[in-house]
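For reference, data09.cif is printed below; it contains mmCIF, C-alpha atoms.
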```cif
data_start
#
loop_
_atom_site.label_atom_id
_atom_site.label_comp_id
_atom_site.auth_asym_id
_atom_site.auth_seq_id
_atom_site.Cartn_x
_atom_site.Cartn_y
_atom_site.Cartn_z
CA MET A 46 190.11 -128.09 -15.24
CA SER A 47 189.04 -126.28 -18.37
CA GLU A 48 190.76 -123.03 -19.25
CA LEU A 49 187.51 -121.07 -18.98
CA LYS A 50 186.72 -122.49 -15.54
CA LYS A 51 190.25 -121.62 -14.37
CA ARG A 52 189.81 -118.07 -15.66
CA ILE A 53 186.50 -117.72 -13.80
CA THR A 54 188.16 -118.99 -10.61
CA ASP A 55 190.93 -116.41 -11.07
CA ASP A 56 188.27 -113.72 -11.53
CA MET A 57 186.75 -114.78 -8.22
CA LYS A 58 190.12 -114.37 -6.49
CA SER A 59 190.54 -110.93 -8.06
CA ALA A 60 187.08 -109.87 -6.91
CA MET A 61 187.89 -111.03 -3.38
CA LYS A 62 191.12 -109.04 -3.33
CA ALA A 63 189.36 -105.95 -4.71
CA LYS A 64 186.50 -106.44 -2.21
CA ASP A 65 184.03 -106.13 -5.10
CA LYS A 66 180.99 -107.80 -3.55
CA GLN A 67 178.76 -107.65 -6.64
CA ALA A 68 181.36 -109.19 -8.94
CA LEU A 69 182.18 -111.81 -6.33
CA LYS A 70 178.53 -112.76 -5.96
CA ALA A 71 178.10 -113.08 -9.74
CA VAL A 72 181.24 -115.17 -10.20
CA ARG A 73 180.29 -117.45 -7.32
CA MET A 74 176.87 -118.02 -8.89
CA ILE A 75 178.53 -119.01 -12.16
CA LEU A 76 180.95 -121.38 -10.45
CA GLU A 77 178.10 -122.88 -8.43
CA ALA A 78 176.12 -123.59 -11.62
CA ILE A 79 179.18 -125.15 -13.27
CA LYS A 80 179.91 -127.32 -10.24
CA GLN A 81 176.27 -128.43 -10.02
CA LYS A 82 176.29 -129.46 -13.69
CA GLU A 83 179.52 -131.42 -13.14
CA ILE A 84 177.99 -133.21 -10.14
CA ASP A 85 174.73 -133.96 -11.95
CA GLU A 86 176.48 -135.43 -14.99
CA ARG A 87 179.49 -136.84 -13.09
CA ILE A 88 181.95 -135.38 -15.57
CA GLU A 89 184.36 -132.47 -15.74
CA LEU A 90 183.02 -129.86 -18.15
CA ASP A 91 185.11 -128.60 -21.05
CA ASP A 92 185.11 -124.98 -22.25
CA ALA A 93 182.14 -125.46 -24.60
CA GLN A 94 180.03 -127.01 -21.87
CA VAL A 95 181.00 -124.26 -19.40
CA MET A 96 179.97 -121.67 -21.97
CA THR A 97 176.61 -123.44 -22.41
CA VAL A 98 175.99 -123.26 -18.65
CA ILE A 99 176.79 -119.54 -18.63
CA GLN A 100 174.55 -118.87 -21.63
CA LYS A 101 171.63 -120.62 -19.93
CA MET A 102 172.09 -118.37 -16.91
CA VAL A 103 171.80 -115.18 -18.95
#
```
This structure in structure tokens:
Amino acid sequence: MSELKKRITDDMKSAMKAKDKQALKAVRMILEAIKQKEIDERIELDDAQVMTVIQKMV
């Protein structure tokens, strides 16, 4: 798992603990997009590819 993806997953856990629904929703959307890209290409994304997915979302 890339370092950036791990950090995003940790952010999701923090948002859950803080009961921050908006942050949790945003982080889940990001992770969903990353996971979809990994499934489509059948690879595990590195940090640069994860960043590309996030940039396309914005």
Any chance you could work out the axis-aligned box around region 79-85 of chain A, listed atoms only, 8 Å on each side, giving centre and edge lengths in Å to one decimal, as JSON?
```
{"center_x": 177.3, "center_y": -129.6, "center_z": -11.9, "size_x": 21.2, "size_y": 24.8, "size_z": 19.7}
```
Query raised in the report: Separation of CA of Thr54 (chain A) and CA of Val72 (chain A), in Å?
Result: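 Spanning CA of Thr54 (chain A) to CA of Val72 (chain A) is a straight-line distance of 7.9 Å.
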Report as a tab-separated table: every residue of region 50-86 of chain A with an atom at most 8 Å from region 90-102 of chain A, its closest pair of atoms, and their distance in Å to one decimal, counting all atoms listed in the file, with rows sorted by chain and ascending residue number.
```
residue	atom	partner	partner_atom	distance
A:Lys50	CA	A:Val95	CA	7.1
A:Ile75	CA	A:Ile99	CA	6.7
A:Ala78	CA	A:Val98	CA	7.0
A:Ile79	CA	A:Val95	CA	6.5
A:Lys82	CA	A:Val98	CA	7.9
A:Glu83	CA	A:Leu90	CA	6.3
```
Report summary line: One decimal place gives the CA of Met46 (chain A)-CA of Glu89 (chain A) separation as 7.2 Å
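The smallest atom-to-atom distance between Arg73 (chain A) and any of A:Leu49, A:Met61, A:Val103, A:Asp85, using all atoms listed in the file, is found for A:Met61.
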Requested in this report: Please provide the set of residues having any atom within 12 Å of region 68-70 of chain A, restricted to only C-alpha atoms, with same-chain residues fewer than 2 positions apart removed, written as JSON, numbers by chain.
Outcome: {"A": [53, 54, 55, 56, 57, 58, 59, 60, 61, 62, 63, 64, 65, 66, 72, 73, 74, 75, 76, 77]}
